[in-house]
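Undergrad: So that we are looking at the same thing, I have put the structure below in structure tokens.
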Amino acid sequence: MNVMNNTALLVMDVQEGIVARVQDPDYVPRVSRAIDAARSAGIPVVYVVIGFRSGRPEASPRNKVFTTLPPGLYTEDDPKIAIHDGVTPRPGEVVVTKRRASAFTGSDLDVVLRAGDIGHLVLTGVATSGVVLSTLRQAADLDFRLTVLSDACYDPDPEIHRLLIEKVFPSQAEVTTVGEWAETTG
């Protein structure tokens with residue numbers, strides 16, 4: 001299969017503090033395999049991280065998710081916001097900081113993708129019901145073609161992960177595995 005040159009792999013919220021809660025020891029190696037496949041095929045890898053300024057001025061007290069976070073978590077001074085060592089970006093790879101669940105909200109991701117003439121996104125990340133779902137929905141509304149790597153997404157609730165992967169995502173994205181996608185990119 002000829003890989004389109006307008007594809008980018010998004011590695012979302014694969015950060016030290018988030019991955020520490022992942023109950024699958026093979027998760028990071030699978031994401032790393034997807035990154036290796038993308039790099040080998042000349043597909044840009046874009047990292048998306050959650051991060052707040054000190055004091056979290058971006059987090060409204062009306063936002064149920066962010067008001068439950070311990071003070072200082074995922075702020076500039078928190079070492080847990082670092083991208084996990086198993087998927088470290090190479091020099092020149094873009095790292096985008098977002099301020100909400102979606103990779104687009106509060107970030108310059110759309111600008112980066114449009115500048116690179118990217119029209120197809122391959123999604124990975126933690127959590128399936130958080131960043132992956134929110135980004136997929138917004139990217140679909142922005143007319144991106146979408147692929148979800150089902151085994152490079154993780155959710156603490158396996159049933160929610162299964163429901164999204166099997167029932168929800170296929171209406172807006174191609175859903176495949178890292179292995180299947182790596183074969184088609186090579």
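Following the order of the structure tokens, first chain is A, next is B, and so on, with residues numbered from 1 inside each chain and ligands from 1 in the order they appear.
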Run DSSP on the backbone and tell me which residues of segment 8-180 of chain A come out as helix (DSSP H, G or I); list them as an NGL selection string.

TA: :A and (16-19 or 27-40 or 64-67 or 79-81 or 85-87 or 109-115 or 128-141 or 158-171 or 178-180)

Undergrad: For the contact check between segment 13-123 of chain A and segment 135-145 of chain A, emit one row per residue of segment 13-123 of chain A within 7 Å, containing the shortest atom pair and the distance in Å rounded to one decimal, counting only C-alpha atoms, chain then rising number order, as a Markdown table.

TA:
| residue | atom | partner | partner_atom | distance |
| --- | --- | --- | --- | --- |
| A:Ser102 | CA | A:Thr135 | CA | 4.5 |
| A:Ala103 | CA | A:Thr135 | CA | 5.5 |
| A:Phe104 | CA | A:Thr135 | CA | 6.8 |
| A:Gly119 | CA | A:Phe144 | CA | 5.1 |
| A:His120 | CA | A:Arg145 | CA | 4.4 |
| A:Leu121 | CA | A:Arg145 | CA | 6.2 |

Undergrad: Any chance you can output those residues with C-alpha atoms as a PDB file, in the first residue's frame?

TA:
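Final file, result-v1.pdb:
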ATOM      1  CA  SER A 102      -9.013  17.196  22.911  1.00  0.00           C
ATOM      2  CA  ALA A 103      -5.584  17.571  21.343  1.00  0.00           C
ATOM      3  CA  PHE A 104      -6.942  20.580  19.446  1.00  0.00           C
ATOM      4  CA  GLY A 119      -5.084  15.513   6.128  1.00  0.00           C
ATOM      5  CA  HIS A 120      -4.916  12.046   7.722  1.00  0.00           C
ATOM      6  CA  LEU A 121      -4.364  11.452  11.439  1.00  0.00           C
TER       7      LEU A 121
END

Undergrad: One decimal, Å: what's the distance from atom CA of Thr176 of chain A over to atom CA of Asp24 of chain A, could you say?

TA: 18.5 Å

Undergrad: Quick one: residues within 6 Å of segment 38-55 of chain A, only C-alpha atoms counted, chain neighbours fewer than 6 positions away excluded, as a count of residues only?

TA: 17

Undergrad: Mind giving me the straight-line distance from atom CA of Ile81 of chain A to atom CA of Ser107 of chain A in Å, one decimal?

TA: 15.6 Å

Undergrad: Give me every strand (DSSP E) residue in chain A, going by DSSP on the backbone, as a PDB file with N, CA, C and O atoms, in the first residue's frame.

TA:
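Result file follows (selection-v6.pdb):
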ATOM      1  N   THR A   7      -0.028  12.128   5.985  1.00  0.00           N
ATOM      2  CA  THR A   7      -0.413  11.423   7.212  1.00  0.00           C
ATOM      3  C   THR A   7       0.509  11.828   8.358  1.00  0.00           C
ATOM      4  O   THR A   7       1.701  12.039   8.151  1.00  0.00           O
ATOM      5  N   ALA A   8      -0.050  11.911   9.569  1.00  0.00           N
ATOM      6  CA  ALA A   8       0.756  12.121  10.779  1.00  0.00           C
ATOM      7  C   ALA A   8       0.266  11.173  11.863  1.00  0.00           C
ATOM      8  O   ALA A   8      -0.935  10.895  11.964  1.00  0.00           O
ATOM      9  N   LEU A   9       1.187  10.663  12.659  1.00  0.00           N
ATOM     10  CA  LEU A   9       0.874   9.840  13.823  1.00  0.00           C
ATOM     11  C   LEU A   9       0.822  10.752  15.035  1.00  0.00           C
ATOM     12  O   LEU A   9       1.787  11.472  15.316  1.00  0.00           O
ATOM     13  N   LEU A  10      -0.303  10.736  15.763  1.00  0.00           N
ATOM     14  CA  LEU A  10      -0.419  11.504  17.000  1.00  0.00           C
ATOM     15  C   LEU A  10      -0.208  10.576  18.190  1.00  0.00           C
ATOM     16  O   LEU A  10      -0.908   9.565  18.326  1.00  0.00           O
ATOM     17  N   VAL A  11       0.734  10.919  19.035  1.00  0.00           N
ATOM     18  CA  VAL A  11       1.012  10.187  20.270  1.00  0.00           C
ATOM     19  C   VAL A  11       0.537  11.096  21.396  1.00  0.00           C
ATOM     20  O   VAL A  11       1.183  12.095  21.701  1.00  0.00           O
ATOM     21  N   MET A  12      -0.607  10.752  21.992  1.00  0.00           N
ATOM     22  CA  MET A  12      -1.300  11.685  22.884  1.00  0.00           C
ATOM     23  C   MET A  12      -1.312  11.230  24.343  1.00  0.00           C
ATOM     24  O   MET A  12      -1.719  10.110  24.651  1.00  0.00           O
ATOM     25  N   VAL A  45       5.725  12.208  13.298  1.00  0.00           N
ATOM     26  CA  VAL A  45       5.184  11.850  14.607  1.00  0.00           C
ATOM     27  C   VAL A  45       5.004  13.161  15.375  1.00  0.00           C
ATOM     28  O   VAL A  45       5.945  13.945  15.520  1.00  0.00           O
ATOM     29  N   VAL A  46       3.773  13.389  15.835  1.00  0.00           N
ATOM     30  CA  VAL A  46       3.452  14.591  16.595  1.00  0.00           C
ATOM     31  C   VAL A  46       3.028  14.155  17.986  1.00  0.00           C
ATOM     32  O   VAL A  46       2.122  13.327  18.135  1.00  0.00           O
ATOM     33  N   TYR A  47       3.703  14.670  18.982  1.00  0.00           N
ATOM     34  CA  TYR A  47       3.400  14.347  20.374  1.00  0.00           C
ATOM     35  C   TYR A  47       2.467  15.410  20.931  1.00  0.00           C
ATOM     36  O   TYR A  47       2.679  16.606  20.710  1.00  0.00           O
ATOM     37  N   VAL A  48       1.452  14.965  21.649  1.00  0.00           N
ATOM     38  CA  VAL A  48       0.505  15.874  22.284  1.00  0.00           C
ATOM     39  C   VAL A  48       0.534  15.574  23.776  1.00  0.00           C
ATOM     40  O   VAL A  48       0.395  14.417  24.190  1.00  0.00           O
ATOM     41  N   VAL A  49       0.746  16.627  24.579  1.00  0.00           N
ATOM     42  CA  VAL A  49       0.808  16.460  26.031  1.00  0.00           C
ATOM     43  C   VAL A  49      -0.177  17.402  26.704  1.00  0.00           C
ATOM     44  O   VAL A  49      -0.475  18.475  26.195  1.00  0.00           O
ATOM     45  N   ILE A  50      -0.672  16.968  27.838  1.00  0.00           N
ATOM     46  CA  ILE A  50      -1.501  17.843  28.676  1.00  0.00           C
ATOM     47  C   ILE A  50      -0.559  18.624  29.572  1.00  0.00           C
ATOM     48  O   ILE A  50       0.388  18.055  30.130  1.00  0.00           O
ATOM     49  N   VAL A  94       7.605  17.423  16.567  1.00  0.00           N
ATOM     50  CA  VAL A  94       6.765  18.440  17.194  1.00  0.00           C
ATOM     51  C   VAL A  94       6.133  17.905  18.474  1.00  0.00           C
ATOM     52  O   VAL A  94       5.619  16.785  18.501  1.00  0.00           O
ATOM     53  N   VAL A  95       6.159  18.724  19.528  1.00  0.00           N
ATOM     54  CA  VAL A  95       5.440  18.446  20.769  1.00  0.00           C
ATOM     55  C   VAL A  95       4.452  19.595  20.967  1.00  0.00           C
ATOM     56  O   VAL A  95       4.847  20.761  21.002  1.00  0.00           O
ATOM     57  N   VAL A  96       3.187  19.247  21.070  1.00  0.00           N
ATOM     58  CA  VAL A  96       2.111  20.214  21.231  1.00  0.00           C
ATOM     59  C   VAL A  96       1.562  20.079  22.642  1.00  0.00           C
ATOM     60  O   VAL A  96       1.298  18.966  23.099  1.00  0.00           O
ATOM     61  N   THR A  97       1.376  21.209  23.321  1.00  0.00           N
ATOM     62  CA  THR A  97       0.766  21.183  24.652  1.00  0.00           C
ATOM     63  C   THR A  97      -0.681  21.609  24.530  1.00  0.00           C
ATOM     64  O   THR A  97      -0.987  22.652  23.958  1.00  0.00           O
ATOM     65  N   LYS A  98      -1.562  20.781  25.063  1.00  0.00           N
ATOM     66  CA  LYS A  98      -3.001  21.070  25.048  1.00  0.00           C
ATOM     67  C   LYS A  98      -3.455  21.426  26.454  1.00  0.00           C
ATOM     68  O   LYS A  98      -2.787  21.110  27.431  1.00  0.00           O
ATOM     69  N   HIS A 120      -4.598  13.369   7.166  1.00  0.00           N
ATOM     70  CA  HIS A 120      -4.916  12.046   7.722  1.00  0.00           C
ATOM     71  C   HIS A 120      -4.189  11.890   9.048  1.00  0.00           C
ATOM     72  O   HIS A 120      -2.961  12.016   9.106  1.00  0.00           O
ATOM     73  N   LEU A 121      -4.938  11.634  10.112  1.00  0.00           N
ATOM     74  CA  LEU A 121      -4.364  11.452  11.439  1.00  0.00           C
ATOM     75  C   LEU A 121      -4.497  10.013  11.890  1.00  0.00           C
ATOM     76  O   LEU A 121      -5.573   9.407  11.754  1.00  0.00           O
ATOM     77  N   VAL A 122      -3.423   9.479  12.447  1.00  0.00           N
ATOM     78  CA  VAL A 122      -3.417   8.158  13.057  1.00  0.00           C
ATOM     79  C   VAL A 122      -3.310   8.390  14.553  1.00  0.00           C
ATOM     80  O   VAL A 122      -2.342   8.990  15.024  1.00  0.00           O
ATOM     81  N   LEU A 123      -4.315   7.930  15.302  1.00  0.00           N
ATOM     82  CA  LEU A 123      -4.436   8.273  16.720  1.00  0.00           C
ATOM     83  C   LEU A 123      -3.979   7.151  17.643  1.00  0.00           C
ATOM     84  O   LEU A 123      -4.349   5.991  17.468  1.00  0.00           O
ATOM     85  N   THR A 124      -3.208   7.540  18.661  1.00  0.00           N
ATOM     86  CA  THR A 124      -2.827   6.674  19.776  1.00  0.00           C
ATOM     87  C   THR A 124      -2.975   7.513  21.040  1.00  0.00           C
ATOM     88  O   THR A 124      -2.935   8.738  20.967  1.00  0.00           O
ATOM     89  N   GLY A 125      -3.123   6.864  22.202  1.00  0.00           N
ATOM     90  CA  GLY A 125      -3.128   7.664  23.413  1.00  0.00           C
ATOM     91  C   GLY A 125      -3.837   7.073  24.604  1.00  0.00           C
ATOM     92  O   GLY A 125      -4.496   6.043  24.525  1.00  0.00           O
ATOM     93  N   VAL A 126      -3.671   7.765  25.708  1.00  0.00           N
ATOM     94  CA  VAL A 126      -4.283   7.430  26.991  1.00  0.00           C
ATOM     95  C   VAL A 126      -5.077   8.658  27.430  1.00  0.00           C
ATOM     96  O   VAL A 126      -4.524   9.749  27.535  1.00  0.00           O
ATOM     97  N   ARG A 145      -9.122  12.833   7.741  1.00  0.00           N
ATOM     98  CA  ARG A 145      -9.305  11.388   7.614  1.00  0.00           C
ATOM     99  C   ARG A 145      -8.654  10.778   8.853  1.00  0.00           C
ATOM    100  O   ARG A 145      -7.612  11.254   9.310  1.00  0.00           O
ATOM    101  N   LEU A 146      -9.252   9.730   9.408  1.00  0.00           N
ATOM    102  CA  LEU A 146      -8.805   9.223  10.710  1.00  0.00           C
ATOM    103  C   LEU A 146      -8.581   7.721  10.712  1.00  0.00           C
ATOM    104  O   LEU A 146      -9.350   6.963  10.116  1.00  0.00           O
ATOM    105  N   THR A 147      -7.542   7.326  11.425  1.00  0.00           N
ATOM    106  CA  THR A 147      -7.267   5.926  11.735  1.00  0.00           C
ATOM    107  C   THR A 147      -6.994   5.867  13.234  1.00  0.00           C
ATOM    108  O   THR A 147      -6.285   6.727  13.773  1.00  0.00           O
ATOM    109  N   VAL A 148      -7.544   4.872  13.899  1.00  0.00           N
ATOM    110  CA  VAL A 148      -7.284   4.646  15.326  1.00  0.00           C
ATOM    111  C   VAL A 148      -6.548   3.323  15.458  1.00  0.00           C
ATOM    112  O   VAL A 148      -7.010   2.300  14.935  1.00  0.00           O
ATOM    113  N   LEU A 149      -5.409   3.347  16.147  1.00  0.00           N
ATOM    114  CA  LEU A 149      -4.678   2.114  16.440  1.00  0.00           C
ATOM    115  C   LEU A 149      -5.214   1.573  17.760  1.00  0.00           C
ATOM    116  O   LEU A 149      -4.858   2.067  18.835  1.00  0.00           O
ATOM    117  N   SER A 150      -6.094   0.594  17.665  1.00  0.00           N
ATOM    118  CA  SER A 150      -6.859   0.132  18.822  1.00  0.00           C
ATOM    119  C   SER A 150      -5.987  -0.327  19.981  1.00  0.00           C
ATOM    120  O   SER A 150      -6.317  -0.075  21.139  1.00  0.00           O
ATOM    121  N   ASP A 151      -4.876  -0.988  19.688  1.00  0.00           N
ATOM    122  CA  ASP A 151      -4.027  -1.493  20.764  1.00  0.00           C
ATOM    123  C   ASP A 151      -2.948  -0.489  21.188  1.00  0.00           C
ATOM    124  O   ASP A 151      -2.142  -0.781  22.070  1.00  0.00           O
ATOM    125  N   ALA A 152      -2.957   0.697  20.583  1.00  0.00           N
ATOM    126  CA  ALA A 152      -2.079   1.783  21.020  1.00  0.00           C
ATOM    127  C   ALA A 152      -2.902   2.867  21.712  1.00  0.00           C
ATOM    128  O   ALA A 152      -2.445   3.981  21.913  1.00  0.00           O
ATOM    129  N   CYS A 153      -4.140   2.499  22.042  1.00  0.00           N
ATOM    130  CA  CYS A 153      -5.010   3.332  22.875  1.00  0.00           C
ATOM    131  C   CYS A 153      -5.265   2.530  24.147  1.00  0.00           C
ATOM    132  O   CYS A 153      -5.290   1.298  24.113  1.00  0.00           O
ATOM    133  N   TYR A 154      -5.446   3.220  25.243  1.00  0.00           N
ATOM    134  CA  TYR A 154      -5.663   2.543  26.517  1.00  0.00           C
ATOM    135  C   TYR A 154      -6.689   3.325  27.310  1.00  0.00           C
ATOM    136  O   TYR A 154      -6.690   4.559  27.305  1.00  0.00           O
ATOM    137  N   GLU A 174     -11.088   4.584  10.486  1.00  0.00           N
ATOM    138  CA  GLU A 174     -10.664   3.209  10.281  1.00  0.00           C
ATOM    139  C   GLU A 174     -10.051   2.772  11.609  1.00  0.00           C
ATOM    140  O   GLU A 174      -9.279   3.524  12.215  1.00  0.00           O
ATOM    141  N   VAL A 175     -10.402   1.584  12.073  1.00  0.00           N
ATOM    142  CA  VAL A 175      -9.838   1.064  13.317  1.00  0.00           C
ATOM    143  C   VAL A 175      -9.005  -0.153  12.965  1.00  0.00           C
ATOM    144  O   VAL A 175      -9.492  -1.083  12.299  1.00  0.00           O
ATOM    145  N   THR A 176      -7.755  -0.147  13.390  1.00  0.00           N
ATOM    146  CA  THR A 176      -6.842  -1.233  13.089  1.00  0.00           C
ATOM    147  C   THR A 176      -5.889  -1.405  14.272  1.00  0.00           C
ATOM    148  O   THR A 176      -6.013  -0.710  15.275  1.00  0.00           O
TER     149      THR A 176
END

Undergrad: For Gly106 of chain A, which residue out of A:Thr88, A:Ser129, A:Glu58, A:Asp157 is the nearest one, using only C-alpha atoms?

TA: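 Looking at the shortest contact to Gly106 of chain A, the residue is A:Glu58.
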
Undergrad: Using only C-alpha atoms, which of the listed residues (A:Ala173, A:Pro91, A:Leu133, A:Val112) sits closest to Ile160 of chain A?

TA: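 Selected residue with least distance to Ile160 of chain A: A:Leu133.
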
Undergrad: For a quick check of understanding, using only C-alpha atoms, which of A:Glu166, A:Asp85, A:Asp77, A:Asp108 has the smallest distance to Pro29 of chain A?

TA: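 Among the listed residues, A:Asp85 lies closest to Pro29 of chain A.
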
Undergrad: Give me the residues within 7 Å of Ala101 of chain A as a PyMOL selection string, counting only C-alpha atoms and dropping any in the same chain fewer than 3 places off.

TA: chain A and resi 130-131+134

Undergrad: Keeping N, CA, C and O atoms, export the residues of the selection given above as a tab-separated table (two decimals), in the first residue's frame.

TA:
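Below you can see part_7.tsv, which holds the result:
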chain	number	residue	atom	x	y	z
A	130	GLY	N	-10.92	9.64	26.79
A	130	GLY	CA	-10.55	11.02	27.04
A	130	GLY	C	-9.98	11.65	25.78
A	130	GLY	O	-10.70	12.04	24.87
A	131	VAL	N	-8.65	11.71	25.71
A	131	VAL	CA	-7.99	12.38	24.60
A	131	VAL	C	-8.31	11.76	23.25
A	131	VAL	O	-8.49	12.46	22.26
A	134	SER	N	-12.12	12.58	22.37
A	134	SER	CA	-12.29	14.01	22.15
A	134	SER	C	-11.59	14.48	20.88
A	134	SER	O	-12.13	15.28	20.11

Undergrad: With only C-alpha atoms as the atoms that count, which of A:Val132, A:Ala59, A:Ile35, A:Val178 lies nearest to Pro89 of chain A?

TA: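 Distance minimum relative to Pro89 of chain A lands on A:Ile35.
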